[in-house]
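start19.tsv (TSV, C-alpha atoms) appears below.
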```
chain	number	residue	atom	x	y	z
A	42	MET	CA	15.18	7.14	-46.73
A	43	PRO	CA	14.43	4.38	-44.19
A	44	SER	CA	11.38	2.27	-44.79
A	45	SER	CA	8.60	3.03	-42.34
A	46	ALA	CA	4.80	2.78	-42.47
A	47	LEU	CA	4.52	6.16	-40.73
A	48	TYR	CA	7.20	8.03	-42.69
A	49	ILE	CA	5.85	11.19	-44.29
A	50	ASP	CA	7.74	13.29	-46.79
A	51	THR	CA	7.02	16.90	-45.88
A	52	SER	CA	7.49	17.93	-49.48
A	53	SER	CA	4.30	16.04	-50.33
A	54	ILE	CA	2.17	17.91	-47.75
A	55	ASP	CA	-0.71	19.52	-49.60
A	56	LEU	CA	-1.19	23.08	-48.32
A	57	PRO	CA	-3.89	25.44	-49.61
A	58	ALA	CA	-3.15	28.57	-51.57
A	59	ALA	CA	-0.71	30.81	-49.74
A	60	SER	CA	-2.40	33.01	-47.16
A	61	ASP	CA	-0.82	34.81	-44.25
A	62	GLU	CA	-1.62	31.84	-42.04
A	63	MET	CA	-0.33	29.20	-44.45
A	64	GLN	CA	2.79	31.23	-45.17
A	65	ALA	CA	3.43	31.15	-41.44
A	66	VAL	CA	2.97	27.36	-41.52
A	67	GLU	CA	5.42	27.03	-44.45
A	68	ARG	CA	8.03	29.07	-42.59
A	69	VAL	CA	7.76	26.77	-39.59
A	70	LEU	CA	7.89	23.57	-41.67
A	71	SER	CA	10.96	24.74	-43.59
A	72	SER	CA	12.87	25.58	-40.43
A	73	ARG	CA	15.59	23.35	-39.01
A	74	HIS	CA	13.29	22.48	-36.10
A	75	PHE	CA	10.85	20.62	-38.36
A	76	GLN	CA	12.87	19.52	-41.40
A	77	ARG	CA	13.55	16.09	-39.92
A	78	ALA	CA	10.40	15.89	-37.78
A	79	HIS	CA	8.18	14.37	-40.43
A	80	LEU	CA	5.25	13.35	-38.20
A	81	LEU	CA	5.25	16.67	-36.34
A	82	SER	CA	5.27	18.50	-39.69
A	83	ALA	CA	2.36	16.43	-40.98
A	84	PHE	CA	0.50	16.99	-37.70
A	85	LEU	CA	0.98	20.79	-37.87
A	86	ALA	CA	0.09	21.00	-41.57
A	87	TYR	CA	-3.08	18.94	-41.10
A	88	ILE	CA	-4.57	20.94	-38.22
A	89	CYS	CA	-3.61	24.34	-39.73
A	90	ARG	CA	-5.01	23.46	-43.14
A	91	ASN	CA	-8.35	22.40	-41.68
A	92	ALA	CA	-8.46	25.43	-39.38
A	93	VAL	CA	-7.93	27.83	-42.29
A	94	GLU	CA	-10.60	25.98	-44.32
A	95	ASN	CA	-13.00	26.05	-41.32
A	96	ASN	CA	-13.07	22.25	-41.12
A	97	THR	CA	-12.74	22.22	-37.35
A	98	THR	CA	-14.84	19.04	-37.06
A	99	ARG	CA	-11.87	17.20	-38.55
A	100	ILE	CA	-9.52	18.56	-35.89
A	101	SER	CA	-10.25	15.94	-33.26
A	102	GLU	CA	-8.05	13.35	-31.63
A	103	HIS	CA	-9.66	10.52	-33.58
A	104	GLU	CA	-9.50	12.32	-36.95
A	105	ILE	CA	-5.85	13.25	-36.42
A	106	GLY	CA	-5.01	9.69	-35.47
A	107	VAL	CA	-6.63	8.36	-38.65
A	108	ASN	CA	-5.45	11.01	-41.13
A	109	VAL	CA	-1.99	11.81	-39.78
A	110	PHE	CA	-0.84	8.68	-37.97
A	111	HIS	CA	-2.66	6.21	-40.22
A	112	ARG	CA	-4.60	4.54	-37.46
A	113	ALA	CA	-7.63	2.44	-38.41
A	114	SER	CA	-10.98	4.20	-38.33
A	115	THR	CA	-11.98	1.91	-35.45
A	116	TYR	CA	-9.07	2.84	-33.21
A	117	ASP	CA	-9.85	4.06	-29.69
A	118	PRO	CA	-7.91	7.19	-28.56
A	119	ARG	CA	-8.42	6.13	-24.95
A	120	GLU	CA	-6.24	3.07	-25.59
A	121	ASP	CA	-3.78	4.68	-28.01
A	122	ASN	CA	-2.45	8.09	-26.89
A	123	ILE	CA	-0.21	8.75	-29.90
A	124	VAL	CA	-2.01	12.01	-30.76
A	125	ARG	CA	-1.68	13.43	-27.25
A	126	THR	CA	1.98	12.44	-27.11
A	127	TYR	CA	2.83	14.13	-30.40
A	128	ALA	CA	0.72	17.17	-29.50
A	129	ARG	CA	2.94	17.78	-26.47
A	130	GLN	CA	6.03	17.45	-28.65
A	131	LEU	CA	4.54	19.79	-31.26
A	132	ARG	CA	3.80	22.51	-28.70
A	133	LYS	CA	7.33	22.22	-27.33
A	134	ARG	CA	8.87	22.33	-30.83
A	135	LEU	CA	6.87	25.45	-31.73
A	136	GLU	CA	8.08	27.16	-28.55
A	137	GLU	CA	11.68	26.32	-29.47
A	138	TYR	CA	11.22	27.67	-32.99
A	139	TYR	CA	9.65	30.98	-31.90
A	140	SER	CA	12.29	31.48	-29.21
A	141	THR	CA	15.10	31.13	-31.80
A	142	ASP	CA	14.68	31.21	-35.57
A	143	GLY	CA	11.11	32.50	-35.52
A	144	GLU	CA	11.44	35.17	-32.86
A	145	ARG	CA	10.85	37.89	-35.47
A	146	ASP	CA	7.84	36.19	-37.08
A	147	ALA	CA	4.90	38.58	-37.07
A	148	LEU	CA	2.32	35.76	-37.28
A	149	ARG	CA	2.73	32.87	-34.87
A	150	ILE	CA	1.00	29.54	-34.44
A	151	GLU	CA	-0.14	28.29	-31.05
A	152	ILE	CA	-2.01	25.14	-30.06
A	153	PRO	CA	-3.84	25.74	-26.77
A	154	ARG	CA	-3.71	22.88	-24.30
A	155	GLY	CA	-6.88	20.84	-24.03
A	156	GLY	CA	-7.53	20.84	-27.78
A	157	TYR	CA	-5.89	20.71	-31.20
A	158	ILE	CA	-7.38	23.73	-33.02
A	159	PRO	CA	-4.50	26.13	-33.76
A	160	ILE	CA	-4.60	29.85	-33.06
A	161	PHE	CA	-2.74	32.39	-35.19
A	162	ARG	CA	-1.40	35.32	-33.17
A	163	VAL	CA	-0.23	38.56	-34.75
A	164	MET	CA	2.86	39.89	-32.97
A	165	VAL	CA	3.60	43.62	-33.08
A	166	ILE	CA	7.39	43.73	-33.32
A	167	PRO	CA	9.01	47.13	-32.56
A	168	GLU	CA	11.28	48.34	-35.34
A	169	ASN	CA	13.79	49.78	-32.87
A	170	SER	CA	16.18	46.98	-32.01
A	171	ASP	CA	16.61	48.40	-28.51
A	172	GLN	CA	12.95	47.74	-27.89
A	173	ALA	CA	12.97	44.30	-29.49
A	174	SER	CA	13.98	42.69	-26.25
A	175	ALA	CA	10.85	44.03	-24.58
A	176	ALA	CA	7.75	41.89	-24.63
A	177	PRO	CA	5.99	42.55	-27.95
A	178	GLY	CA	2.32	43.55	-28.05
A	179	VAL	CA	0.08	40.66	-28.94
A	180	PHE	CA	-3.40	40.32	-30.29
A	181	GLU	CA	-5.05	37.14	-31.44
A	182	LYS	CA	-6.07	36.42	-34.99
A	183	ILE	CA	-8.53	33.69	-34.27
A	184	PRO	CA	-10.96	32.24	-36.84
A	185	ARG	CA	-14.51	33.51	-36.42
A	186	HIS	CA	-15.89	29.97	-36.04
A	187	PHE	CA	-13.59	29.45	-33.08
A	188	TRP	CA	-14.99	32.47	-31.25
A	189	LYS	CA	-18.55	31.46	-32.17
A	190	ALA	CA	-18.04	27.98	-30.69
A	191	ARG	CA	-16.48	29.47	-27.56
A	192	PHE	CA	-19.37	31.94	-27.23
A	193	MET	CA	-22.02	29.22	-27.54
A	194	LEU	CA	-20.22	27.01	-25.02
A	195	GLY	CA	-19.89	29.93	-22.64
A	196	LEU	CA	-23.57	30.86	-23.04
A	197	CYS	CA	-24.68	27.28	-22.39
A	198	GLY	CA	-22.43	27.15	-19.34
A	199	ILE	CA	-23.91	30.39	-17.97
A	200	LEU	CA	-27.49	29.17	-18.51
A	201	LEU	CA	-26.68	25.86	-16.87
A	202	LEU	CA	-25.07	27.68	-13.94
A	203	ILE	CA	-28.17	29.89	-13.54
A	204	LEU	CA	-30.50	26.89	-13.59
A	205	CYS	CA	-28.38	24.98	-11.09
A	206	SER	CA	-28.10	28.02	-8.82
A	207	THR	CA	-31.86	28.60	-8.94
A	208	TRP	CA	-32.57	24.97	-8.10
A	209	ILE	CA	-30.05	24.99	-5.24
A	210	VAL	CA	-31.48	28.24	-3.80
A	211	TRP	CA	-35.02	26.85	-3.98
A	212	LYS	CA	-33.97	23.56	-2.41
A	213	VAL	CA	-32.08	25.27	0.41
A	214	LYS	CA	-35.03	27.57	1.06
A	215	TRP	CA	-37.47	24.65	1.12
A	216	VAL	CA	-35.28	22.64	3.49
A	217	SER	CA	-34.75	25.68	5.73
A	218	GLU	CA	-38.47	26.36	5.95
A	219	SER	CA	-39.12	22.70	6.70
A	220	LEU	CA	-36.58	22.76	9.52
A	221	ARG	CA	-37.94	26.04	10.93
A	222	ARG	CA	-41.54	24.87	10.73
A	223	PRO	CA	-42.94	24.31	14.24
A	224	PRO	CA	-43.71	20.67	15.04
A	225	GLU	CA	-47.41	21.46	15.58
A	226	LEU	CA	-47.80	22.32	11.86
A	227	ARG	CA	-47.41	18.67	11.00
A	228	SER	CA	-49.40	16.04	12.83
A	229	ALA	CA	-48.37	12.43	13.20
A	230	LEU	CA	-50.95	11.29	10.61
A	231	HIS	CA	-50.16	14.08	8.15
A	232	PRO	CA	-50.59	11.95	4.98
A	233	LEU	CA	-54.04	10.78	6.14
A	234	TRP	CA	-55.30	14.23	7.15
A	235	THR	CA	-54.14	15.85	3.92
A	236	GLN	CA	-56.35	13.36	2.09
A	237	LEU	CA	-59.39	13.99	4.29
A	238	PHE	CA	-58.99	17.78	4.44
A	239	ASN	CA	-58.90	19.11	0.90
A	240	PRO	CA	-59.10	22.81	-0.04
A	241	ASP	CA	-61.36	21.92	-2.98
A	242	ARG	CA	-63.89	19.82	-1.05
A	243	ASP	CA	-65.94	20.10	2.15
A	244	THR	CA	-65.10	17.73	4.96
A	245	PHE	CA	-68.21	16.74	6.94
A	246	ILE	CA	-67.67	15.84	10.59
A	247	VAL	CA	-70.64	13.70	11.68
A	248	PRO	CA	-70.86	13.06	15.48
A	249	GLY	CA	-72.71	9.97	16.65
A	250	ASP	CA	-76.44	10.35	17.44
A	251	THR	CA	-76.65	9.26	21.08
A	252	GLY	CA	-80.45	9.69	21.09
A	253	PHE	CA	-80.79	7.07	18.38
A	254	VAL	CA	-78.62	4.66	20.37
A	255	ILE	CA	-80.84	5.20	23.45
A	256	LEU	CA	-83.97	4.67	21.34
A	257	GLN	CA	-82.66	1.30	20.17
A	258	GLN	CA	-81.78	0.26	23.70
A	259	VAL	CA	-85.23	1.20	25.00
A	260	ASN	CA	-86.93	-0.80	22.26
A	261	HIS	CA	-84.49	-3.71	22.57
A	262	ARG	CA	-83.90	-3.89	18.85
A	263	THR	CA	-81.87	-2.36	16.07
A	264	PHE	CA	-83.66	0.02	13.73
A	265	SER	CA	-83.03	-0.10	10.00
A	266	LEU	CA	-81.68	2.80	8.00
A	267	SER	CA	-85.09	3.47	6.50
A	268	GLU	CA	-86.61	3.64	10.01
A	269	TYR	CA	-83.94	6.04	11.13
A	270	LEU	CA	-84.58	8.26	8.14
A	271	SER	CA	-88.28	8.29	9.04
A	272	TRP	CA	-88.34	8.89	12.78
A	273	PHE	CA	-92.10	9.37	12.98
A	274	SER	CA	-92.71	5.77	11.91
A	275	VAL	CA	-90.78	4.48	14.91
A	276	GLN	CA	-92.96	3.17	17.71
A	277	ALA	CA	-91.19	3.83	20.98
A	278	ARG	CA	-92.01	2.12	24.27
A	279	GLY	CA	-92.42	3.86	27.61
A	280	ASN	CA	-92.70	7.60	27.98
A	281	ALA	CA	-93.85	9.03	24.65
A	282	LEU	CA	-92.76	12.55	25.60
A	283	ALA	CA	-89.24	11.41	26.38
A	284	MET	CA	-89.09	9.52	23.12
A	285	SER	CA	-90.23	12.59	21.19
A	286	TYR	CA	-87.30	14.51	22.59
A	287	LEU	CA	-84.98	11.82	21.29
A	288	LYS	CA	-86.61	12.07	17.87
A	289	ASP	CA	-86.78	15.83	17.54
A	290	LEU	CA	-83.45	16.81	19.05
A	291	THR	CA	-79.93	15.66	18.28
A	292	TYR	CA	-77.84	14.35	21.15
A	293	THR	CA	-74.22	13.29	21.11
A	294	SER	CA	-71.64	12.25	23.66
A	295	MET	CA	-68.89	14.25	25.30
A	296	LEU	CA	-66.39	11.90	23.67
A	297	ASN	CA	-67.67	12.89	20.22
A	298	LEU	CA	-67.49	16.58	21.08
A	299	THR	CA	-63.91	16.17	22.29
A	300	THR	CA	-63.04	14.39	19.06
A	301	VAL	CA	-64.59	17.15	16.95
A	302	SER	CA	-62.61	19.76	18.91
A	303	SER	CA	-59.40	17.81	18.34
A	304	LEU	CA	-60.08	17.59	14.61
A	305	GLN	CA	-60.63	21.33	14.39
A	306	ARG	CA	-57.20	21.97	15.93
A	307	LEU	CA	-55.36	19.79	13.42
A	308	PRO	CA	-52.84	21.81	11.31
A	309	GLU	CA	-54.26	20.18	8.20
A	310	ALA	CA	-57.86	21.18	8.94
A	311	ILE	CA	-59.23	23.90	6.64
A	312	PRO	CA	-61.72	26.13	8.54
A	313	ASP	CA	-63.70	27.13	5.43
A	314	ARG	CA	-64.13	23.48	4.50
A	315	PHE	CA	-64.74	22.11	8.02
A	316	VAL	CA	-68.49	21.33	8.31
A	317	ILE	CA	-70.15	19.77	11.38
A	318	ARG	CA	-73.34	18.02	10.38
A	319	ALA	CA	-75.85	16.01	12.43
A	320	VAL	CA	-76.13	12.45	11.27
A	321	LYS	CA	-79.87	12.77	10.55
A	322	ASN	CA	-79.16	15.82	8.34
A	323	ILE	CA	-76.40	14.31	6.23
A	324	ARG	CA	-77.32	13.77	2.58
A	325	PHE	CA	-75.99	11.42	-0.06
A	326	ASP	CA	-74.96	14.43	-2.15
A	327	ASP	CA	-72.75	15.52	0.74
A	328	LEU	CA	-70.98	12.16	0.73
A	329	ARG	CA	-70.66	12.20	-3.02
A	330	ASP	CA	-69.21	15.71	-3.33
A	331	GLY	CA	-67.18	15.88	-0.12
A	332	ASN	CA	-65.27	13.87	2.44
A	333	ALA	CA	-66.81	12.65	5.66
A	334	ILE	CA	-65.53	11.60	9.07
A	335	LEU	CA	-68.14	9.57	11.00
A	336	LEU	CA	-67.83	9.46	14.77
A	337	GLY	CA	-69.35	7.06	17.32
A	338	SER	CA	-72.21	4.67	16.63
A	339	ASN	CA	-74.56	5.98	13.96
```
Would you mind giving the structure from this file in structure tokens?
Amino acid sequence: MPSSALYIDTSSIDLPAASDEMQAVERVLSSRHFQRAHLLSAFLAYICRNAVENNTTRISEHEIGVNVFHRASTYDPREDNIVRTYARQLRKRLEEYYSTDGERDALRIEIPRGGYIPIFRVMVIPENSDQASAAPGVFEKIPRHFWKARFMLGLCGILLLILCSTWIVWKVKWVSESLRRPPELRSALHPLWTQLFNPDRDTFIVPGDTGFVILQQVNHRTFSLSEYLSWFSVQARGNALAMSYLKDLTYTSMLNLTTVSSLQRLPEAIPDRFVIRAVKNIRFDDLRDGNAILLGSN
């Protein structure tokens, strides 16, 4: 026997108590296709033993590299592809065995591509030799844990697909509605107006009091806020009757009225929350509980 760090004597392979699956493994290992393939034999025995014992967590590329090919526990399968290389050889060797010496085996071993967990397939072999050449019926004898893992992965994939599809449909609908939305539904200052017009608060539109401006001009001075709030204390010059009209009635300019009309037509304006209030009638509670837009000189 040549000296080699990776040489494995197949006679020393520890197989569990004989079951249908392990008897199938023993038949393969004792065949001429595997008698001299020591590493392939060790590979097959390792993955089948752990599959039968439901130790599928140990059937990974890293675990196989450590336990079969004696790689260090720190080895990186991305840099060392020995497991993938031997897996391809093992699949090919199994195909050769079952196409020749093992063509009459009722229980066969397969290693699906993309993984290393073996599957045991029960082959229904017709007794009539004339029918033996026909393709035998096949059904899988797969460990329950394998189906459970496949089911959970499939369920997670379906849920993820549903969530992604829902999000995509919602996003497409939102984008489509945005594109179909007429330009007039969004004004140029949309961010500002959405702050001033709020469905939960009143927005007070306060036009400028032109009468107060005239009163200041007639008296050649600026009145204080307290004087404005108490019109009757204001001493007006000139025609007292004219001044009383300025005190008792509210006047505003055409410019203010045009501005109010423009604000009412904004897409963001909320009719139920749009309140026009004279400046002399505005209260501090209004300013505290709602928004206000002041127009002109007040």
(request) Report the distance between atom CA of Arg77 of chain A and atom CA of Leu148 of chain A in Å, rounded to one decimal place. (result)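 Straight-line distance from atom CA of Arg77 of chain A to atom CA of Leu148 of chain A works out to 22.8 Å.
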(request) Could you check how far atom CA of Thr300 of chain A sits from atom CA of Leu336 of chain A, in Å to one decimal? (result)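 If I compute the distance from atom CA of Thr300 of chain A to atom CA of Leu336 of chain A, I get 8.1 Å.
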(request) Find the distance between atom CA of Phe238 of chain A and atom CA of Leu296 of chain A and write it in Å to one decimal. (result) 21.4 Å
(message) Which residues are close to Ile105 of chain A, i.e. within 12 Å by all atoms listed in the file, leaving aside same-chain residues fewer than 5 positions away? Reply as a ChimeraX atom specification.
(response) /A:80-81,83-89,91,97-100,110-114,116,118,122-125,127-128,156-158
(request) Can you work out which one of A:Glu102, A:Pro159, A:Arg132, A:Leu307 has the shortest atom-to-atom distance to Leu233 of chain A, counting only C-alpha atoms? (result)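 For Leu233 of chain A, the nearest of the candidates is A:Leu307.
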(request) Find the residues near Gly143 of chain A: any atom within 12 Å, counting all atoms listed in the file, skip ones fewer than 2 places away on the same chain, and give them as JSON, numbers by chain. (result) {"A": [65, 66, 67, 68, 69, 70, 71, 72, 73, 74, 134, 135, 136, 137, 138, 139, 140, 141, 145, 146, 147, 148, 149, 150, 164]}
(request) May I ask which of the residues A:Phe245, A:Phe315, A:Phe264, A:Tyr292 is the closest one to Arg329 of chain A, counting only C-alpha atoms? (result)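 With only C-alpha atoms as the atom set, the closest residue is A:Phe245.
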(message) With only C-alpha atoms as the counted atoms, please give the residues lying no more than 12 Å from Thr235 of chain A, apart from itself and same-chain residues fewer than 3 positions off, as a list in words.
(response)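 Residues meeting the cut-off are Arg227, Ser228, Ala229, Leu230, His231, Pro232, Phe238, Asn239, Pro240, Asp241, Arg242, Thr244, Leu307, Pro308, Glu309, Ala310, Ile311 and Asn332 of chain A.
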Just to be explicit: take each residue in the selection above, keep C-alpha atoms, and write the result as a compact mmCIF listing (two decimals), in the coordinates of the input.
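This went into part37.txt:
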```
# COMPACT_ATOMS: atom_id res chain seq x y z
CA ARG A 227 -47.41 18.67 11.00
CA SER A 228 -49.40 16.04 12.83
CA ALA A 229 -48.37 12.43 13.20
CA LEU A 230 -50.95 11.29 10.61
CA HIS A 231 -50.16 14.08 8.15
CA PRO A 232 -50.59 11.95 4.98
CA PHE A 238 -58.99 17.78 4.44
CA ASN A 239 -58.90 19.11 0.90
CA PRO A 240 -59.10 22.81 -0.04
CA ASP A 241 -61.36 21.92 -2.98
CA ARG A 242 -63.89 19.82 -1.05
CA THR A 244 -65.10 17.73 4.96
CA LEU A 307 -55.36 19.79 13.42
CA PRO A 308 -52.84 21.81 11.31
CA GLU A 309 -54.26 20.18 8.20
CA ALA A 310 -57.86 21.18 8.94
CA ILE A 311 -59.23 23.90 6.64
CA ASN A 332 -65.27 13.87 2.44
```
